[in-house]
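S.K.: Data: run-v7.txt, compact mmCIF, C-alpha atoms.
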# COMPACT_ATOMS: atom_id res chain seq x y z
CA ASN A 1 -28.22 13.28 -51.56
CA ARG A 2 -28.73 10.81 -48.71
CA GLU A 3 -26.19 8.19 -49.72
CA ALA A 4 -24.72 5.86 -47.12
CA LEU A 5 -20.95 5.54 -46.92
CA PRO A 6 -19.98 2.34 -45.05
CA PHE A 7 -16.84 2.01 -42.92
CA GLN A 8 -15.47 -1.31 -41.75
CA PHE A 9 -13.62 -1.59 -38.46
CA HIS A 10 -12.51 -4.68 -36.54
CA PRO A 11 -12.08 -3.88 -32.81
CA PRO A 12 -8.96 -5.48 -31.25
CA PRO A 13 -9.67 -8.30 -28.77
CA HIS A 14 -8.68 -6.16 -25.77
CA ILE A 15 -11.22 -3.40 -26.62
CA ASN A 16 -14.57 -4.01 -24.93
CA GLN A 17 -16.23 -0.67 -25.65
CA PHE A 18 -15.68 2.53 -27.60
CA THR A 19 -17.54 5.60 -28.91
CA VAL A 20 -18.19 6.15 -32.63
CA CYS A 21 -18.33 9.79 -33.80
CA ALA A 22 -18.88 11.07 -37.36
CA PHE A 23 -19.19 14.43 -39.13
CA VAL A 24 -19.64 15.71 -42.68
CA PHE A 25 -18.52 19.00 -44.20
CA SER A 26 -19.75 20.76 -47.32
CA LEU A 27 -18.71 24.09 -48.87
CA THR A 28 -22.37 24.94 -49.45
CA GLU A 29 -24.18 23.20 -46.58
CA GLY A 30 -21.61 23.70 -43.82
CA LEU A 31 -20.81 21.26 -41.01
CA GLY A 32 -23.00 18.40 -39.87
CA ILE A 33 -22.24 16.30 -36.76
CA ALA A 34 -23.95 13.01 -35.95
CA ALA A 35 -24.85 11.99 -32.41
CA PRO A 36 -22.14 9.71 -30.93
CA VAL A 37 -22.90 6.01 -30.75
CA GLN A 38 -21.69 3.79 -27.90
CA TRP A 39 -20.45 0.32 -28.92
CA GLN A 40 -20.24 -2.44 -26.32
CA ARG A 41 -18.78 -5.89 -26.92
CA GLN A 42 -21.01 -8.69 -25.74
CA GLN A 43 -18.53 -11.08 -24.14
CA ASP A 44 -20.17 -14.36 -23.12
CA ILE A 45 -17.10 -15.74 -21.33
CA GLU A 46 -14.48 -13.59 -19.57
CA ILE A 47 -11.27 -14.59 -17.82
CA TYR A 48 -9.13 -12.72 -15.31
CA LEU A 49 -5.65 -13.45 -13.96
CA HIS A 50 -4.83 -13.15 -10.27
CA ILE A 51 -1.04 -13.20 -9.90
CA PRO A 52 1.58 -12.21 -7.27
CA TYR A 53 3.15 -8.81 -7.87
CA SER A 54 6.47 -10.63 -8.32
CA ALA A 55 8.10 -13.98 -7.64
CA LYS A 56 11.50 -15.58 -7.12
CA LYS A 57 13.32 -17.97 -9.40
CA LEU A 58 12.54 -21.60 -8.50
CA GLU A 59 9.81 -20.45 -6.10
CA ALA A 60 6.38 -22.08 -6.38
CA VAL A 61 3.81 -19.54 -7.59
CA SER A 62 0.03 -19.88 -7.65
CA ILE A 63 -1.62 -18.50 -10.81
CA ASP A 64 -5.38 -18.12 -10.40
CA VAL A 65 -7.56 -17.81 -13.50
CA TYR A 66 -11.09 -16.60 -12.82
CA ILE A 67 -13.73 -17.54 -15.41
CA VAL A 68 -16.96 -15.50 -15.64
CA ASN A 69 -20.13 -16.74 -17.32
CA ASN A 70 -22.13 -13.71 -18.50
CA ARG A 71 -24.93 -15.85 -19.93
CA LEU A 72 -28.23 -16.76 -18.32
CA GLU A 73 -27.66 -20.41 -19.18
CA THR A 74 -25.39 -23.14 -17.88
CA GLU A 75 -22.12 -23.92 -19.66
CA GLU A 76 -21.81 -27.69 -19.31
CA PHE A 77 -18.24 -27.89 -20.58
CA VAL A 78 -15.56 -25.22 -20.06
CA LEU A 79 -11.84 -25.64 -20.79
CA VAL A 80 -9.21 -23.35 -19.26
CA GLU A 81 -5.59 -23.64 -20.36
CA LEU A 82 -2.37 -21.93 -19.28
CA LEU A 83 0.31 -21.92 -22.00
CA ASN A 84 4.05 -22.46 -21.55
CA THR A 85 5.18 -22.48 -25.18
CA ALA A 86 8.47 -20.65 -24.40
CA ASN A 87 9.35 -23.17 -21.64
CA GLU A 88 9.83 -20.35 -19.09
CA PHE A 89 8.37 -22.20 -16.09
CA GLN A 90 7.47 -25.66 -14.84
CA PHE A 91 4.01 -26.95 -14.02
CA LEU A 92 3.71 -28.45 -10.53
CA ASN A 93 1.07 -31.00 -9.49
CA ASN A 94 0.92 -32.11 -13.11
CA SER A 95 1.42 -35.88 -12.76
CA GLY A 96 5.18 -35.52 -13.24
CA ARG A 97 4.94 -33.60 -16.55
CA THR A 98 6.82 -30.52 -15.32
CA ASP A 99 7.97 -29.31 -18.76
CA ALA A 100 4.59 -29.49 -20.47
CA THR A 101 3.83 -26.70 -22.95
CA LYS A 102 0.36 -26.21 -21.49
CA LYS A 103 -1.97 -27.44 -18.79
CA ILE A 104 -5.74 -27.72 -19.22
CA LEU A 105 -8.47 -27.77 -16.58
CA TYR A 106 -12.14 -28.30 -17.26
CA GLY A 107 -15.43 -27.79 -15.45
CA ARG A 108 -18.95 -26.34 -15.79
CA LEU A 109 -20.38 -22.89 -15.15
CA LYS A 110 -23.85 -22.04 -13.89
CA PRO A 111 -25.62 -18.90 -15.18
CA ASN A 112 -23.70 -15.73 -14.18
CA GLU A 113 -21.28 -17.81 -12.13
CA VAL A 114 -17.60 -17.10 -11.42
CA GLN A 115 -15.17 -19.95 -10.81
CA ARG A 116 -11.45 -20.15 -10.10
CA ALA A 117 -8.92 -22.41 -11.83
CA GLU A 118 -5.60 -22.69 -10.00
CA PHE A 119 -2.28 -23.44 -11.72
CA LEU A 120 0.84 -24.04 -9.62
CA ILE A 121 4.07 -23.17 -11.47
CA ARG A 122 7.79 -22.64 -10.78
CA PRO A 123 9.69 -19.94 -12.80
CA LYS A 124 12.91 -21.17 -14.44
CA LYS A 125 14.62 -17.85 -15.20
CA LEU A 126 15.23 -14.28 -14.03
CA GLY A 127 13.68 -11.23 -15.65
CA SER A 128 10.04 -12.00 -16.33
CA ILE A 129 7.86 -14.78 -17.66
CA ARG A 130 4.90 -14.42 -20.00
CA LEU A 131 1.55 -15.84 -18.94
CA ARG A 132 -1.09 -16.72 -21.55
CA ALA A 133 -4.49 -18.07 -20.56
CA HIS A 134 -7.36 -19.24 -22.79
CA ALA A 135 -10.91 -20.32 -22.02
CA TYR A 136 -13.20 -22.31 -24.33
CA THR A 137 -16.81 -23.45 -24.14
CA GLN A 138 -18.65 -26.19 -26.05
CA ASP A 139 -20.09 -23.74 -28.61
CA ASN A 140 -16.63 -22.16 -29.23
CA SER A 141 -17.19 -19.03 -27.15
CA THR A 142 -13.64 -18.00 -26.24
CA ASP A 143 -11.72 -15.47 -24.20
CA ARG A 144 -7.96 -15.11 -23.94
CA LEU A 145 -5.38 -13.17 -21.98
CA GLU A 146 -2.11 -12.77 -23.87
CA ASP A 147 1.41 -11.90 -22.67
CA VAL A 148 0.82 -10.83 -19.09
CA LYS A 149 4.28 -10.40 -17.53
CA LEU A 150 5.17 -11.71 -14.07
CA PRO A 151 8.46 -10.08 -12.93
CA ILE A 152 11.19 -12.35 -11.55
CA PRO A 153 13.70 -9.85 -10.05
CA ARG A 154 17.10 -10.78 -8.68
CA THR A 155 16.29 -9.39 -5.24
CA VAL A 156 12.78 -8.79 -3.96
CA ASP A 157 11.12 -8.44 -0.60
CA ILE A 158 8.65 -11.07 0.50
CA GLY A 159 5.11 -9.91 -0.20
CA SER A 160 1.56 -11.15 -0.44
CA GLU A 161 -0.10 -8.34 -2.35
CA LYS A 162 -1.98 -9.47 -5.44
CA ILE A 163 -3.13 -7.63 -8.53
CA THR A 164 -6.30 -8.46 -10.46
CA LEU A 165 -5.83 -7.98 -14.19
CA ALA A 166 -8.79 -7.81 -16.58
CA LEU A 167 -8.87 -8.47 -20.32
CA HIS A 168 -9.68 -4.93 -21.42
CA ARG A 169 -6.62 -3.46 -19.68
CA GLU A 170 -3.19 -3.06 -21.18
CA GLN A 171 -0.34 -5.36 -20.22
CA LEU A 172 0.85 -4.86 -16.70
CA GLN A 173 4.34 -3.43 -16.27
CA ILE A 174 5.70 -3.76 -12.74
CA ALA A 175 8.98 -2.24 -11.65
CA SER A 176 10.99 -4.56 -9.43
CA LEU A 177 13.01 -2.75 -6.77
CA PRO A 178 15.79 -4.39 -4.76
CA VAL A 179 15.44 -4.32 -1.00
CA SER A 180 18.51 -2.08 -0.70
CA LEU A 181 16.52 0.80 -2.20
CA LEU A 182 14.10 0.60 0.72
CA LEU A 183 16.91 1.41 3.14
CA ASP A 184 18.08 4.94 3.76
CA LYS A 185 21.66 5.82 2.80
CA LEU A 186 22.16 7.04 6.41
CA ALA A 187 23.86 10.27 5.41
CA PRO A 188 24.91 12.53 8.34
CA SER A 189 22.19 14.88 9.56
CA ASP A 190 20.87 16.35 12.82
CA PRO A 191 20.75 13.82 15.69
CA PHE A 192 16.93 13.58 15.65
CA THR A 193 16.75 12.70 11.95
CA GLU A 194 19.74 10.35 12.24
CA SER A 195 18.13 8.52 15.14
CA MET A 196 14.81 8.03 13.32
CA LYS A 197 16.39 6.91 10.04
CA ALA A 198 18.78 4.50 11.71
CA SER A 199 15.99 2.98 13.82
CA LEU A 200 13.77 2.47 10.77
CA THR A 201 16.71 0.91 8.92
CA LEU A 202 17.13 -1.67 11.68
CA ASP A 203 13.37 -2.33 11.58
CA VAL A 204 13.51 -3.01 7.82
CA LEU A 205 16.49 -5.32 8.20
CA ALA A 206 14.72 -7.26 10.93
CA LEU A 207 11.41 -7.55 9.08
CA ALA A 208 13.10 -8.67 5.87
CA LYS A 209 15.44 -11.03 7.78
CA LEU A 210 18.43 -9.58 5.93
CA GLU A 211 22.00 -10.24 7.04
CA TRP A 212 23.52 -6.92 6.02
CA THR A 213 26.22 -6.59 8.68
CA GLU A 214 27.78 -3.37 7.38
CA ARG A 215 24.50 -1.43 7.24
CA LYS A 216 23.35 -2.85 10.57
CA THR A 217 26.58 -1.83 12.29
CA LEU A 218 26.37 1.68 10.82
CA ALA A 219 22.76 2.08 11.97
CA GLU A 220 23.52 0.88 15.51
CA SER A 221 26.49 3.24 15.75
CA MET A 222 24.38 6.15 14.52
CA ILE A 223 21.66 5.41 17.10
CA ASN A 224 24.19 5.41 19.93
CA GLU A 225 25.80 8.66 18.84
CA SER A 226 22.55 10.53 18.17
CA SER A 227 20.98 9.43 21.47
CA THR A 228 24.10 10.61 23.32
CA LYS A 229 23.69 14.04 21.69
CA ILE A 230 19.94 14.28 22.40
CA MET A 231 19.98 13.38 26.10
CA PRO A 232 21.81 16.55 27.28
CA TYR A 233 19.02 18.67 25.72
CA GLY A 234 16.76 17.54 28.57
CA LYS A 235 16.11 20.07 31.34
CA THR A 236 15.61 19.56 35.05
CA ASN A 237 11.87 20.04 34.58
CA ALA A 238 11.88 17.00 32.23
CA TYR A 239 11.14 18.86 28.98
CA PHE A 240 13.65 19.25 26.14
CA THR A 241 15.10 22.34 24.47
CA ILE A 242 16.84 22.12 21.08
CA PRO A 243 19.60 24.78 20.92
CA ASP A 244 19.86 25.11 17.11
CA GLN A 245 17.71 27.42 15.01
CA HIS A 246 14.61 25.55 13.83
CA THR A 247 10.91 26.02 13.11
CA PRO A 248 8.54 25.51 14.83
CA ALA A 249 10.36 26.06 18.11
CA SER A 250 8.87 25.86 21.61
CA GLU A 251 9.21 23.78 24.74
CA CYS A 252 6.34 21.56 23.62
CA TRP A 253 7.52 21.05 20.03
CA ASP A 254 11.15 20.47 21.07
CA THR A 255 10.05 17.87 23.61
CA VAL A 256 7.91 16.04 21.05
CA VAL A 257 10.77 15.95 18.51
CA ALA A 258 13.24 14.65 21.09
CA LEU A 259 10.76 12.09 22.43
CA GLN A 260 9.99 10.63 19.00
CA ALA A 261 13.69 10.15 18.30
CA LEU A 262 14.44 8.63 21.72
CA ILE A 263 11.44 6.28 21.65
CA TYR A 264 12.45 4.83 18.29
CA SER A 265 16.10 4.57 19.32
CA ASN A 266 15.46 2.92 22.66
CA ARG A 267 13.57 0.05 21.03
CA HIS A 268 17.00 -1.08 19.85
CA LEU A 269 19.16 0.26 22.69
CA GLY A 270 17.07 -0.79 25.71
CA SER A 271 18.67 1.89 27.91
CA MET A 272 17.09 2.42 31.35
CA ASP A 273 18.38 6.01 31.47
CA ILE A 274 16.69 6.86 28.18
CA GLU A 275 13.51 5.11 29.31
CA ARG A 276 13.37 7.21 32.49
CA ALA A 277 13.93 10.40 30.46
CA ILE A 278 11.10 9.41 28.09
CA LEU A 279 8.63 8.78 30.92
CA SER A 280 9.57 12.00 32.69
CA ALA A 281 9.04 14.02 29.50
CA LEU A 282 5.67 12.33 28.92
CA ASP A 283 4.63 13.17 32.48
CA TRP A 284 5.58 16.79 31.76
CA LEU A 285 3.52 16.79 28.56
CA ARG A 286 0.58 15.43 30.54
CA THR A 287 0.61 18.57 32.68
CA LYS A 288 0.34 20.65 29.49
CA GLN A 289 -2.97 19.09 28.43
CA THR A 290 -6.11 21.20 28.85
CA ASP A 291 -9.49 19.89 29.95
CA ASP A 292 -10.75 19.69 26.35
CA GLY A 293 -7.80 17.49 25.32
CA ARG A 294 -5.40 19.78 23.43
CA PHE A 295 -1.75 20.28 24.39
CA CYS A 296 0.29 23.44 25.02
CA ALA A 297 -2.63 25.63 23.95
CA ASP A 298 -0.95 28.79 25.27
CA GLU A 299 1.82 28.54 22.64
CA VAL A 300 -0.54 28.96 19.63
CA ALA A 301 -3.72 30.22 21.24
CA HIS A 302 -4.70 32.24 18.15
CA ASP A 303 -4.48 29.38 15.64
CA GLU A 304 -6.88 26.46 16.08
CA VAL A 305 -5.43 24.42 13.18
CA LYS A 306 -1.91 24.57 14.66
CA GLN A 307 -3.31 23.40 17.99
CA ILE A 308 -4.90 20.44 16.23
CA GLU A 309 -1.62 19.65 14.46
CA LYS A 310 0.37 19.82 17.69
CA THR A 311 -2.14 17.69 19.59
CA ALA A 312 -1.98 15.04 16.85
CA HIS A 313 1.83 14.84 17.11
CA VAL A 314 1.75 14.68 20.91
CA LEU A 315 -0.93 11.98 20.87
CA LEU A 316 1.17 9.95 18.41
CA THR A 317 4.10 10.21 20.83
CA PHE A 318 2.03 8.85 23.72
CA LEU A 319 0.79 6.00 21.54
CA GLU A 320 4.34 4.99 20.63
CA VAL A 321 5.18 4.15 24.28
CA ARG A 322 3.68 0.70 23.97
CA ASN A 323 4.74 -0.82 27.30
CA TYR A 324 3.54 2.13 29.38
CA ILE A 325 0.39 3.14 27.52
CA TRP A 326 -1.70 2.08 30.53
CA ARG A 327 -0.29 5.06 32.45
CA TYR A 328 -1.73 7.55 29.97
CA VAL A 329 -5.20 6.17 29.12
CA SER A 330 -7.06 9.31 30.20
CA VAL A 331 -4.58 11.54 28.36
CA ILE A 332 -5.00 9.55 25.15
CA ASN A 333 -8.80 9.47 25.35
CA LYS A 334 -9.08 13.24 25.89
CA ALA A 335 -6.69 14.02 23.02
CA ARG A 336 -8.48 11.62 20.69
CA ASN A 337 -11.90 13.10 21.51
CA TYR A 338 -10.52 16.59 20.86
CA LEU A 339 -9.23 15.55 17.42
CA LEU A 340 -12.53 13.87 16.55
CA SER A 341 -14.47 17.01 17.46
CA SER A 342 -12.11 19.25 15.46
CA THR A 343 -11.96 17.48 12.10
CA ALA A 344 -14.58 19.81 10.57
CA MET A 345 -12.07 22.68 10.80
CA LEU A 346 -9.46 20.94 8.64
CA ARG A 347 -9.12 21.77 4.94
CA GLU A 348 -5.50 21.07 3.97
CA PRO A 349 -4.66 17.52 2.78
CA TYR A 350 -1.66 17.40 5.15
CA HIS A 351 -3.75 18.05 8.27
CA LEU A 352 -6.52 15.67 7.16
CA ALA A 353 -3.97 12.92 6.49
CA LEU A 354 -2.14 13.54 9.79
CA VAL A 355 -5.24 13.46 11.97
CA GLY A 356 -6.69 10.49 10.08
CA HIS A 357 -3.46 8.53 10.51
CA VAL A 358 -3.21 9.29 14.24
CA LEU A 359 -6.84 8.31 14.87
CA ARG A 360 -6.45 5.02 12.98
CA PHE A 361 -3.13 4.34 14.72
CA SER A 362 -4.79 4.90 18.09
CA LEU A 363 -7.03 1.88 17.46
CA ARG A 364 -3.97 -0.42 17.58
CA GLN A 365 -3.41 0.47 21.22
CA ALA A 366 -6.92 0.04 22.56
CA THR A 367 -7.86 1.92 25.73
CA GLY A 368 -11.41 0.61 25.90
CA ARG A 369 -13.01 4.01 25.26
CA GLU A 370 -12.32 4.57 21.57
CA ASP A 371 -15.30 5.16 19.27
CA ARG A 372 -14.34 2.86 16.39
CA ALA A 373 -17.42 3.63 14.31
CA LEU A 374 -16.82 7.39 14.52
CA ILE A 375 -13.12 7.02 13.68
CA ASP A 376 -13.92 4.82 10.67
CA GLU A 377 -16.41 7.43 9.46
Take the structure I supplied and represent it as structure tokens, if you would.
M.R.:
Amino acid sequence: NREALPFQFHPPPHINQFTVCAFVFSLTEGLGIAAPVQWQRQQDIEIYLHIPYSAKKLEAVSIDVYIVNNRLETEEFVLVELLNTANEFQFLNNSGRTDATKKILYGRLKPNEVQRAEFLIRPKKLGSIRLRAHAYTQDNSTDRLEDVKLPIPRTVDIGSEKITLALHREQLQIASLPVSLLLDKLAPSDPFTESMKASLTLDVLALAKLEWTERKTLAESMINESSTKIMPYGKTNAYFTIPDQHTPASECWDTVVALQALIYSNRHLGSMDIERAILSALDWLRTKQTDDGRFCADEVAHDEVKQIEKTAHVLLTFLEVRNYIWRYVSVINKARNYLLSSTAMLREPYHLALVGHVLRFSLRQATGREDRALIDE
């Protein structure tokens, strides 16, 4: 028999496409499978929300609603409304009606045109607020975005990143982290790690404009103590030797580790003695560069990848000395050219990421001879 068996299914509003599969099974005829059918919703009008990744209570927030006309004809009358039925925020620039339950904007859309409707609001509570946006046309074509959450955490860092949210996606859940979680606990460690962590902690406090006196005092004390421990590791020839057991270990590696810690620390200490030690060690590293640009090639002559890794770390150290980079232009250019010519040998994600980061970072401190197009490629 070739009887048709109908099935009825109503796709949810947030589903724009899906695949329909069917099969039949008989004890005498066996298994029959139909070819899958692709179903695509024809949405004449679409809306998208463009919102900050978080906001502060009582802070003005711009909510952008983008309206898309998928038709080949002009929509002469389009209404866009943002709902506030739960009274979770205030509308600004709304002729004094701050506690309105909704605000409506209208306009027209040309064929296949995208326009932006901006709503300025101010959250009234902590936690999160729900944003609901609707769009209507003259012939009742509609699109809606329901219950998109905008987090309002108690403590949040200032940011400008935005997230575009489309209709067919699920509701966005964003974890809100307090700034304190971005700061290291500053647990005791070796002097090199302590120096780096404490310096980065002071950088975060300064960038976020946070008045955290206890953490700032601890970080400054840790920088002083760790720098005092590192300086005696310097030798008369200007390189550094770390006495503890560690891997990798060599004059070149030890000098790079000590230099990175001292450079970061001295941005906050401003010590002339440390600055002289840094420049002397860099001058020593310059003597260890070969004509093709690599550093300390005699230490790992049998392993090309390790030479690339070491050269990348040394180049990063030279780039960090911002006020004296003019003294090492030729050193930087040779090292960068060596890394660019060696990328084809790299396979591991770590080495690819390291070299890519160093090459991109080198563009911040321009020497006038960098090949930007090649680095971007």
S.K.: Taking all atoms listed in the file into account, name the residue in A:Asn84, A:Thr217, A:Ser250, A:Ser265 that is nearest to A:Leu200.
M.R.: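 Looking at the shortest contact to A:Leu200, the residue is A:Ser265.
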S.K.: Would you mind reading off the distance between atom CA of A:Lys125 and atom CA of A:Ala100, one decimal, in Å?
M.R.: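 Result for atom CA of A:Lys125 versus atom CA of A:Ala100: 16.2 Å, one decimal.
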S.K.: By how many Å are atom CA of A:Phe7 and atom CA of A:Glu46 apart?
M.R.: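 Interatomic distance here is 28.2 Å.
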S.K.: Any idea what the distance is between atom CA of A:Met272 and atom CA of A:Asp203?
M.R.: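 Result for atom CA of A:Met272 versus atom CA of A:Asp203: 20.7 Å, one decimal.
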S.K.: Between A:Arg97, A:Lys216, A:His10, A:Arg286, which one has atoms that come closest to A:Cys252, using all atoms listed in the file?
M.R.: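 Of A:Arg97, A:Lys216, A:His10, A:Arg286, the one nearest A:Cys252, counting all atoms listed in the file, is A:Arg286.
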S.K.: Quick one: everything within 12 Å of A:Tyr350, counting only C-alpha atoms, minus sequence neighbours fewer than 6 positions away in the same chain. Send it as a PyMOL selection string.
M.R.: chain A and resi 305-306+308-309+312+356-357
S.K.: Taking (1.5, 9.2, 21.8) as a centre in this file's frame and 10 Å as the limit, can you find every polymer residue with an atom that close, using only C-alpha atoms, and give them as a list in words?
M.R.: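 Applying the cut-off with only C-alpha atoms, one gets Val256, Leu259, Gln260, Leu282, Thr311, Ala312, His313, Val314, Leu315, Leu316, Thr317, Phe318, Leu319, Glu320, Val321, Arg322, Ile325, Tyr328, Val331, Ile332, Ala335, Val358, Phe361 and Ser362 of chain A.
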S.K.: Which polymer residues have any atom within 9 Å of an atom of A:Leu202, counting only C-alpha atoms, with same-chain residues fewer than 4 positions away left out, as an MDAnalysis selection string?
M.R.: chainID A and resid 197:198 206:207 215:216 219:220 268
S.K.: Would you list the contacts of A:Ile121 as a PyMOL selection string, taking every protein, DNA or RNA residue within 9 Å and counting only C-alpha atoms, but skipping same-chain residues closer than 5 positions in sequence?
M.R.: chain A and resi 59-63+89-93+98
S.K.: Can you report as lines of an AutoDock Vina configuration file the centre and edge lengths in Å, to one decimal, of an axis-aligned box around the listed atoms of stretch 68-76 of chain A padded with 4 Å on each side?
M.R.:
center_x = -22.6
center_y = -20.7
center_z = -17.8
size_x = 19.3
size_y = 22.0
size_z = 12.3
S.K.: Applying 6 Å and all atoms listed in the file, which residues near A:Arg108 remain after dropping the ones on its own chain fewer than 5 positions away? List them as a list in words.
M.R.: Glu75, Glu76, Phe77 and Val78 of chain A
S.K.: Can you work out which one of A:Ile263, A:Val65, A:Leu285, A:Ala208 has the shortest atom-to-atom distance to A:Met231, counting only C-alpha atoms?
M.R.: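 Of A:Ile263, A:Val65, A:Leu285, A:Ala208, the one nearest A:Met231 is A:Ile263, counting only C-alpha atoms.
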S.K.: For A:Ile223, which residue among A:Asp273, A:Glu194, A:Glu3, A:Glu251 is the nearest when counting all atoms listed in the file?
M.R.: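 Smallest distance to A:Ile223 is found for A:Glu194.
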S.K.: From the set A:Ala353, A:Leu340, A:Phe18, A:Leu279, which residue has the shortest atom-to-atom contact distance to A:Arg327, counting all atoms listed in the file?
M.R.: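 Counting all atoms listed in the file, the residue closest to A:Arg327 is A:Leu279.
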